[in-house]
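In what follows, a single structure is set out as structure tokens and then discussed.
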Amino acid sequence: MNSASVRRLMTGFYILLFFAYLFGPLVLMGAAAFNSAPYPQVTPWEGFTWQWFGQLAQDDQMMDGLKNSLIIGVGVVCLAVPIGLAAALMISQIHAQARSIFYVIVVSPVLTPGVILGISTLVFWQRLGDWQGADFESLYYDGFFLTVVGQSTFISAYCMLVFLARLQRFDRTQEEAALDLGATHTQVFWKILIPFLRPAILSAAVLAFLTSFENYNTTVFTIQFESTLTTVLAGKVRMGTQPDLSALAVIIIAITLLGAIVHEVLRRREARREAAAFEAARRAEMETDLASLGQEPATT
Amino acid sequence: MSEFFTVFAAVLAALIIAPAIQKHADRWWSGLTDIRFVQRNGVFISVYLVVAVVFWVLFMIVLPQLYMVDFSFRHNLPLEEVGGPDDVYTLENYRYLLFGRETDEAWLNWLHLSVFLRTIIASVLVTVANFALCYPIAYYMAQVARGGKARLLVICLIVPFWVNEILRAFAFRILFGTSGVINEVLQGLGLIDGAIDFLRADVGLYAGLTYAYILLMIFPLYNAIESLDHNQVEAARDLGAPWWRIHYRVVIPHAKPGIASGCTMVFMLSAGALAIPQILGGPSSLWFTQIIYDWFFQGLNWPQGSAYALVLLLACLVFVLGVMRLFKVSLGDIAR
């Protein structure tokens, strides 16, 4: 056995270990969801059951949290995506010296711990409310509003980065052509820029929603008397005694796997279609080449 | 009835003000369209851009942070006394972190200081461990694996991270608990007699933290290493460099921005983690964020909590700047 194959064997072994570390805990948690023991555990195995899934659906607290999480997620998409887009469009237009300062300011929330974003949002808006003499039903004290704002602080930066990546490939001459042909600025924005950015808008929205949905550190400070799925979950997990949590995890993993498979299948189909189109184009080109070759002796 | 008068007054006011606005509107309008920024974007888009960005920068980033700084230098007063004669600046909140209550016998507030130091040191260790764990995989994915295999690896990496952070921590509880899988297996093999409390020993906490941020380390590394031309590695190998020197002199210098980016993200997230220490930390071990949390929701002393949060923020800032200096990269390279 030479050194190259030893190295390959070791690499394979390492990758195997790594993915065992990655998937092992999740697989065990999944197994615990089907164990009928009243405490979340795999060993000893006391028999197969579906009962924890049924219990999950009856958990009002968790369903309520899920509903709130969805509402907040939609709110964050509505706030963070437009802000991220505006910042991405703005950044190329401001003065070069101000640009780097602007960039540092808007990217700083990404590098700030989530708890600090939550605390500063909570403290700031509450004091603003006190200062205005607003009553406790108003927006300044509203858990939903504060959570949407607090999460959007850093999610907007994610969205901005997504848009900046897409804008790098934008051809400015398209805009100029449209303006020369008499389009207004608003028309250019809606008819050229937005269609070009559509894939980025979609991925920014998905990213924003998912990030919001599973955020805990910021939410736990801003949500106050309400609850989201993550805060309910955290409360339950700290008690750590219910197997229906593993049942929830199984559902999430199943949805994820399904999404990944669908995505991969769609991608493959797209790739095959592109390859087929490419092949057809090449064949057509070759045929015209052959045809012109065939004509060549006649013309000369 | 009063509502009716409000509406009536508003209509009246509008009727009076409208002609005055109309007289000036043309001038304002032309003044507005003279600005180059507005010329370039059109009026409506300009208004949208400016409003969105100003709201974000001022009301979501700068003012809350500044207010938190201000707040952390104040006494914890009931609402009626805010703005009153007692509402003065104080260093009390910071003094408390260092020295504790004045009546305490010990000179320093070791309870909180040790938690702070432990959080920072443990976060650095988690970051280093994470880098060591992820670098080989990132290198393999970026330079060795090809086509379909590399994509499969990427999907395998992403799938576990769609599961909620809290549920991932829960998985580690099942794994490391006193009647957890590891204990049962070790006992079944006859290696140990009684159950080992891994959670009390913080093994679960460190394993969970390392696990939680793998993705944020691997992808910056992967992106950085992927842009390296494989011919450079080949050339180094042909010239007789051993494998460790290839990494040390060729791959790692090239991947610097990715390393800096991954390390700052992982450090920041582990130092600021709240859920994982709450779930996996032993009953006696605290994380600094948990103390902040307790100041807010059990001590009900928000200025004190803000002061502690600010200290944590400063620590993260020092780390980010330190990494940037160490790797000689700019912020633009890190946040991508």
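Naming scheme: A, B, ... for chains in displayed order of the structure tokens; residues 1 onward per chain; ligands 1 onward as shown.
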Distance-based interface of chain B with chain A, 6 Å, counting only C-alpha atoms, as a list in words: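 Putting it all together, I get Asn41, Gly42, Leu49, Ala52, Val53, Met60, Pro64, Gln65, Met68, Asn164, Ala171, Gly272 and Ile279 of chain B.
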Would you put the residues from that selection into a file with C-alpha atoms, as a PDB file, in the first residue's frame?
```pdb
ATOM      1  CA  ASN B  41     -33.013  58.275  -9.908  1.00  0.00           C
ATOM      2  CA  GLY B  42     -36.180  60.255 -10.441  1.00  0.00           C
ATOM      3  CA  LEU B  49     -34.104  55.290  -1.288  1.00  0.00           C
ATOM      4  CA  ALA B  52     -35.492  53.533   3.628  1.00  0.00           C
ATOM      5  CA  VAL B  53     -31.786  54.068   4.162  1.00  0.00           C
ATOM      6  CA  MET B  60     -32.389  50.823  13.565  1.00  0.00           C
ATOM      7  CA  PRO B  64     -30.469  52.474  19.320  1.00  0.00           C
ATOM      8  CA  GLN B  65     -26.776  51.686  19.802  1.00  0.00           C
ATOM      9  CA  MET B  68     -27.879  51.903  24.735  1.00  0.00           C
ATOM     10  CA  ASN B 164     -33.664  25.149  14.323  1.00  0.00           C
ATOM     11  CA  ALA B 171     -30.296  16.761  20.033  1.00  0.00           C
ATOM     12  CA  GLY B 272     -23.187  36.066  21.892  1.00  0.00           C
ATOM     13  CA  ILE B 279     -29.975  24.485  27.121  1.00  0.00           C
TER      14      ILE B 279
END
```
Who sits within 9 Å of B:Ile291, only C-alpha atoms, same chain under 3 positions skipped, as a PDB file with N, CA and C atoms, in the first residue's frame:
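File written: selection_12.pdb
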```pdb
ATOM      1  N   HIS B 112     -18.924  37.536  38.282  1.00  0.00           N
ATOM      2  CA  HIS B 112     -19.232  37.977  36.920  1.00  0.00           C
ATOM      3  C   HIS B 112     -17.991  38.045  36.048  1.00  0.00           C
ATOM      4  N   VAL B 115     -17.042  34.663  34.738  1.00  0.00           N
ATOM      5  CA  VAL B 115     -17.937  34.231  33.668  1.00  0.00           C
ATOM      6  C   VAL B 115     -17.566  34.929  32.366  1.00  0.00           C
ATOM      7  N   LEU B 286     -22.423  29.461  33.920  1.00  0.00           N
ATOM      8  CA  LEU B 286     -23.125  30.548  33.244  1.00  0.00           C
ATOM      9  C   LEU B 286     -22.321  31.027  32.052  1.00  0.00           C
ATOM     10  N   TRP B 287     -23.030  31.552  31.086  1.00  0.00           N
ATOM     11  CA  TRP B 287     -22.415  32.225  29.941  1.00  0.00           C
ATOM     12  C   TRP B 287     -22.694  33.701  30.149  1.00  0.00           C
ATOM     13  N   PHE B 288     -21.869  34.600  29.622  1.00  0.00           N
ATOM     14  CA  PHE B 288     -22.033  36.021  29.933  1.00  0.00           C
ATOM     15  C   PHE B 288     -23.391  36.542  29.465  1.00  0.00           C
ATOM     16  N   ASP B 294     -30.442  37.750  32.641  1.00  0.00           N
ATOM     17  CA  ASP B 294     -30.994  37.807  33.991  1.00  0.00           C
ATOM     18  C   ASP B 294     -31.158  39.234  34.491  1.00  0.00           C
ATOM     19  N   TRP B 295     -30.233  40.113  34.123  1.00  0.00           N
ATOM     20  CA  TRP B 295     -30.386  41.515  34.520  1.00  0.00           C
ATOM     21  C   TRP B 295     -31.672  42.087  33.945  1.00  0.00           C
ATOM     22  N   PHE B 296     -31.996  41.654  32.734  1.00  0.00           N
ATOM     23  CA  PHE B 296     -33.190  42.211  32.097  1.00  0.00           C
ATOM     24  C   PHE B 296     -34.463  41.617  32.660  1.00  0.00           C
ATOM     25  N   GLY B 305     -27.965  45.788  32.728  1.00  0.00           N
ATOM     26  CA  GLY B 305     -27.885  44.832  31.626  1.00  0.00           C
ATOM     27  C   GLY B 305     -27.278  45.464  30.387  1.00  0.00           C
ATOM     28  N   TYR B 308     -23.532  45.655  30.727  1.00  0.00           N
ATOM     29  CA  TYR B 308     -22.904  44.362  30.482  1.00  0.00           C
ATOM     30  C   TYR B 308     -22.907  44.047  28.990  1.00  0.00           C
TER      31      TYR B 308
END
```
So what do you get for atom CA of B:Gly180 versus atom CA of B:Ser123, distance-wise?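 Spanning atom CA of B:Gly180 to atom CA of B:Ser123 is a straight-line distance of 25.5 Å.
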Gap from atom CA of B:Pro78 to atom CA of B:Ile61 - Å, one decimal: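 Those two atoms sit 26.4 Å apart.
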Neighbouring residues of A:Arg198 were defined as those with any atom within 12 Å, considering only C-alpha atoms; residues of the same chain fewer than 3 positions away were excluded. Please report them as number ranges by chain. A: 81, 85, 162-163, 166-167, 190-195, 201-205
Deliver the residues from the most recent selection as a file, using all heavy atoms, as a tab-separated table (two decimals), in the first residue's frame.
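The new file again20.tsv reads:
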```
chain	number	residue	atom	x	y	z
A	81	VAL	N	-36.36	43.49	3.00
A	81	VAL	CA	-36.02	43.41	1.58
A	81	VAL	C	-36.00	44.80	0.93
A	81	VAL	O	-35.03	45.14	0.26
A	81	VAL	CB	-36.96	42.42	0.85
A	81	VAL	CG1	-36.73	42.45	-0.63
A	81	VAL	CG2	-36.76	41.02	1.38
A	85	LEU	N	-32.59	46.53	-0.52
A	85	LEU	CA	-32.53	46.97	-1.91
A	85	LEU	C	-32.13	48.44	-2.00
A	85	LEU	O	-31.25	48.82	-2.79
A	85	LEU	CB	-33.90	46.74	-2.57
A	85	LEU	CG	-34.04	47.21	-4.01
A	85	LEU	CD1	-33.06	46.46	-4.89
A	85	LEU	CD2	-35.46	47.00	-4.51
A	162	VAL	N	-26.95	40.32	-0.71
A	162	VAL	CA	-27.50	39.54	-1.82
A	162	VAL	C	-27.68	40.44	-3.05
A	162	VAL	O	-27.29	40.09	-4.16
A	162	VAL	CB	-28.84	38.89	-1.41
A	162	VAL	CG1	-29.53	38.26	-2.62
A	162	VAL	CG2	-28.62	37.83	-0.35
A	163	PHE	N	-28.26	41.63	-2.82
A	163	PHE	CA	-28.51	42.54	-3.95
A	163	PHE	C	-27.21	43.06	-4.55
A	163	PHE	O	-27.09	43.19	-5.77
A	163	PHE	CB	-29.37	43.72	-3.49
A	163	PHE	CG	-30.80	43.35	-3.26
A	163	PHE	CD1	-31.41	43.60	-2.04
A	163	PHE	CD2	-31.53	42.73	-4.24
A	163	PHE	CE1	-32.71	43.24	-1.82
A	163	PHE	CE2	-32.85	42.38	-4.04
A	163	PHE	CZ	-33.44	42.63	-2.83
A	166	ARG	N	-25.75	40.62	-6.95
A	166	ARG	CA	-26.46	40.58	-8.23
A	166	ARG	C	-26.17	41.85	-9.04
A	166	ARG	O	-26.00	41.79	-10.25
A	166	ARG	CB	-27.96	40.43	-7.96
A	166	ARG	CG	-28.85	40.43	-9.18
A	166	ARG	CD	-28.99	39.06	-9.79
A	166	ARG	NE	-29.79	39.12	-11.00
A	166	ARG	CZ	-29.76	38.20	-11.96
A	166	ARG	NH1	-28.97	37.16	-11.84
A	166	ARG	NH2	-30.51	38.31	-13.02
A	167	LEU	N	-26.13	42.99	-8.36
A	167	LEU	CA	-25.93	44.27	-9.07
A	167	LEU	C	-24.58	44.34	-9.74
A	167	LEU	O	-24.40	45.10	-10.70
A	167	LEU	CB	-26.09	45.44	-8.10
A	167	LEU	CG	-27.52	45.89	-7.82
A	167	LEU	CD1	-27.53	46.96	-6.75
A	167	LEU	CD2	-28.18	46.41	-9.08
A	190	TRP	N	-38.89	50.19	-12.64
A	190	TRP	CA	-39.83	49.07	-12.63
A	190	TRP	C	-39.64	48.13	-13.80
A	190	TRP	O	-39.90	46.94	-13.69
A	190	TRP	CB	-41.28	49.58	-12.62
A	190	TRP	CG	-41.68	50.17	-11.32
A	190	TRP	CD1	-41.96	51.48	-11.07
A	190	TRP	CD2	-41.82	49.50	-10.06
A	190	TRP	NE1	-42.26	51.66	-9.75
A	190	TRP	CE2	-42.19	50.47	-9.10
A	190	TRP	CE3	-41.66	48.18	-9.65
A	190	TRP	CZ2	-42.41	50.15	-7.77
A	190	TRP	CZ3	-41.88	47.87	-8.32
A	190	TRP	CH2	-42.24	48.85	-7.39
A	191	LYS	N	-39.20	48.66	-14.95
A	191	LYS	CA	-39.18	47.81	-16.15
A	191	LYS	C	-37.82	47.18	-16.41
A	191	LYS	O	-37.71	46.23	-17.16
A	191	LYS	CB	-39.59	48.65	-17.37
A	191	LYS	CG	-41.02	49.17	-17.27
A	191	LYS	CD	-41.87	48.63	-18.38
A	191	LYS	CE	-43.32	48.65	-17.99
A	191	LYS	NZ	-44.11	49.61	-18.71
A	192	ILE	N	-36.77	47.76	-15.84
A	192	ILE	CA	-35.43	47.22	-16.13
A	192	ILE	C	-34.75	46.70	-14.87
A	192	ILE	O	-34.34	45.54	-14.80
A	192	ILE	CB	-34.57	48.28	-16.82
A	192	ILE	CG1	-35.16	48.56	-18.18
A	192	ILE	CG2	-33.13	47.80	-16.94
A	192	ILE	CD1	-34.40	49.53	-19.00
A	193	LEU	N	-34.67	47.56	-13.86
A	193	LEU	CA	-33.92	47.17	-12.67
A	193	LEU	C	-34.61	46.03	-11.90
A	193	LEU	O	-33.98	45.03	-11.57
A	193	LEU	CB	-33.75	48.40	-11.77
A	193	LEU	CG	-32.62	48.31	-10.77
A	193	LEU	CD1	-31.30	48.07	-11.48
A	193	LEU	CD2	-32.54	49.57	-9.95
A	194	ILE	N	-35.90	46.20	-11.65
A	194	ILE	CA	-36.61	45.20	-10.84
A	194	ILE	C	-36.66	43.84	-11.54
A	194	ILE	O	-36.37	42.82	-10.91
A	194	ILE	CB	-38.02	45.71	-10.47
A	194	ILE	CG1	-37.92	46.90	-9.53
A	194	ILE	CG2	-38.86	44.62	-9.84
A	194	ILE	CD1	-37.33	46.59	-8.18
A	195	PRO	N	-37.00	43.78	-12.86
A	195	PRO	CA	-36.94	42.46	-13.51
A	195	PRO	C	-35.56	41.83	-13.45
A	195	PRO	O	-35.43	40.63	-13.23
A	195	PRO	CB	-37.35	42.76	-14.95
A	195	PRO	CG	-38.16	43.98	-14.86
A	195	PRO	CD	-37.58	44.79	-13.75
A	201	ILE	N	-34.31	39.27	-5.47
A	201	ILE	CA	-35.39	39.63	-4.55
A	201	ILE	C	-35.98	38.36	-3.94
A	201	ILE	O	-36.19	38.27	-2.72
A	201	ILE	CB	-36.49	40.42	-5.27
A	201	ILE	CG1	-35.97	41.79	-5.67
A	201	ILE	CG2	-37.73	40.58	-4.39
A	201	ILE	CD1	-36.91	42.59	-6.53
A	202	LEU	N	-36.17	37.35	-4.79
A	202	LEU	CA	-36.72	36.09	-4.30
A	202	LEU	C	-35.79	35.46	-3.26
A	202	LEU	O	-36.21	35.08	-2.17
A	202	LEU	CB	-36.94	35.14	-5.47
A	202	LEU	CG	-37.80	33.93	-5.13
A	202	LEU	CD1	-39.23	34.35	-4.89
A	202	LEU	CD2	-37.71	32.89	-6.22
A	203	SER	N	-34.49	35.39	-3.59
A	203	SER	CA	-33.61	34.71	-2.64
A	203	SER	C	-33.43	35.54	-1.37
A	203	SER	O	-33.32	34.98	-0.28
A	203	SER	CB	-32.26	34.35	-3.27
A	203	SER	OG	-31.71	35.44	-3.90
A	204	ALA	N	-33.45	36.88	-1.50
A	204	ALA	CA	-33.35	37.71	-0.30
A	204	ALA	C	-34.58	37.51	0.58
A	204	ALA	O	-34.46	37.42	1.81
A	204	ALA	CB	-33.22	39.18	-0.69
A	205	ALA	N	-35.75	37.38	-0.05
A	205	ALA	CA	-36.98	37.19	0.74
A	205	ALA	C	-36.94	35.86	1.47
A	205	ALA	O	-37.28	35.79	2.66
A	205	ALA	CB	-38.20	37.28	-0.16
```
Hey, what's within 10 Å of A:Trp50 if we count only C-alpha atoms and toss same-chain stuff fewer than 5 positions away? As an NGL selection string, please? :A and (33-36 or 55 or 244 or 247)
Using N, CA, C and O atoms, can you export the residues from the last selection as a PDB file, in the first residue's frame?
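File written: out00.pdb
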```pdb
ATOM      1  N   ALA A  33     -38.053  10.435  18.600  1.00  0.00           N
ATOM      2  CA  ALA A  33     -39.429  10.849  18.329  1.00  0.00           C
ATOM      3  C   ALA A  33     -40.368   9.662  18.233  1.00  0.00           C
ATOM      4  O   ALA A  33     -41.573   9.805  18.411  1.00  0.00           O
ATOM      5  N   PHE A  34     -39.820   8.474  17.917  1.00  0.00           N
ATOM      6  CA  PHE A  34     -40.679   7.300  17.731  1.00  0.00           C
ATOM      7  C   PHE A  34     -40.612   6.339  18.910  1.00  0.00           C
ATOM      8  O   PHE A  34     -41.208   5.278  18.889  1.00  0.00           O
ATOM      9  N   ASN A  35     -39.826   6.720  19.929  1.00  0.00           N
ATOM     10  CA  ASN A  35     -39.724   5.853  21.097  1.00  0.00           C
ATOM     11  C   ASN A  35     -40.863   6.177  22.060  1.00  0.00           C
ATOM     12  O   ASN A  35     -41.103   7.342  22.366  1.00  0.00           O
ATOM     13  N   SER A  36     -41.539   5.154  22.536  1.00  0.00           N
ATOM     14  CA  SER A  36     -42.715   5.417  23.365  1.00  0.00           C
ATOM     15  C   SER A  36     -42.354   5.765  24.809  1.00  0.00           C
ATOM     16  O   SER A  36     -43.238   6.046  25.605  1.00  0.00           O
ATOM     17  N   GLN A  55     -49.584  14.575  19.828  1.00  0.00           N
ATOM     18  CA  GLN A  55     -49.479  15.496  20.958  1.00  0.00           C
ATOM     19  C   GLN A  55     -49.008  16.878  20.503  1.00  0.00           C
ATOM     20  O   GLN A  55     -49.431  17.900  21.020  1.00  0.00           O
ATOM     21  N   ASP A 244     -42.204  15.201  22.243  1.00  0.00           N
ATOM     22  CA  ASP A 244     -42.841  15.808  21.079  1.00  0.00           C
ATOM     23  C   ASP A 244     -41.924  16.845  20.430  1.00  0.00           C
ATOM     24  O   ASP A 244     -42.127  17.223  19.283  1.00  0.00           O
ATOM     25  N   ALA A 247     -40.368  15.056  17.774  1.00  0.00           N
ATOM     26  CA  ALA A 247     -41.326  14.885  16.688  1.00  0.00           C
ATOM     27  C   ALA A 247     -41.326  16.120  15.787  1.00  0.00           C
ATOM     28  O   ALA A 247     -41.324  16.018  14.555  1.00  0.00           O
TER      29      ALA A 247
END
```
At what distance in Å, to one decimal, does atom CA of A:Glu226 lie from atom CA of A:Gln61?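 So the answer is 10.7 Å.
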For B:Glu165, work out the shell of residues within 8 Å, counting only C-alpha atoms and skipping chain neighbours fewer than 2 positions away, then give it as an MDAnalysis selection string. (chainID A and resid 214) or (chainID B and resid 161 163 167:169 212 275:276)
Mind listing the helix (DSSP H, G or I) residues of stretch 81-207 of chain A, per DSSP on the backbone, as an NGL selection string? :A and (81-91 or 96-111 or 114-132 or 139-141 or 143-167 or 172-180 or 185-207)
Which of these residues is nearest to B:Leu175, using only C-alpha atoms: A:Gln58, A:Val6, A:Ala31, A:Ile72?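 Distance minimum relative to B:Leu175 lands on A:Ala31.
Counting only C-alpha atoms, A:Phe144 has the following residues at most 9 Å away, ignoring those fewer than 4 positions along the same chain: Asn68, Ile71, Ile72, Gly75, Leu139, Val148, Val149, Thr222, Ile223 and Glu226 of chain A.
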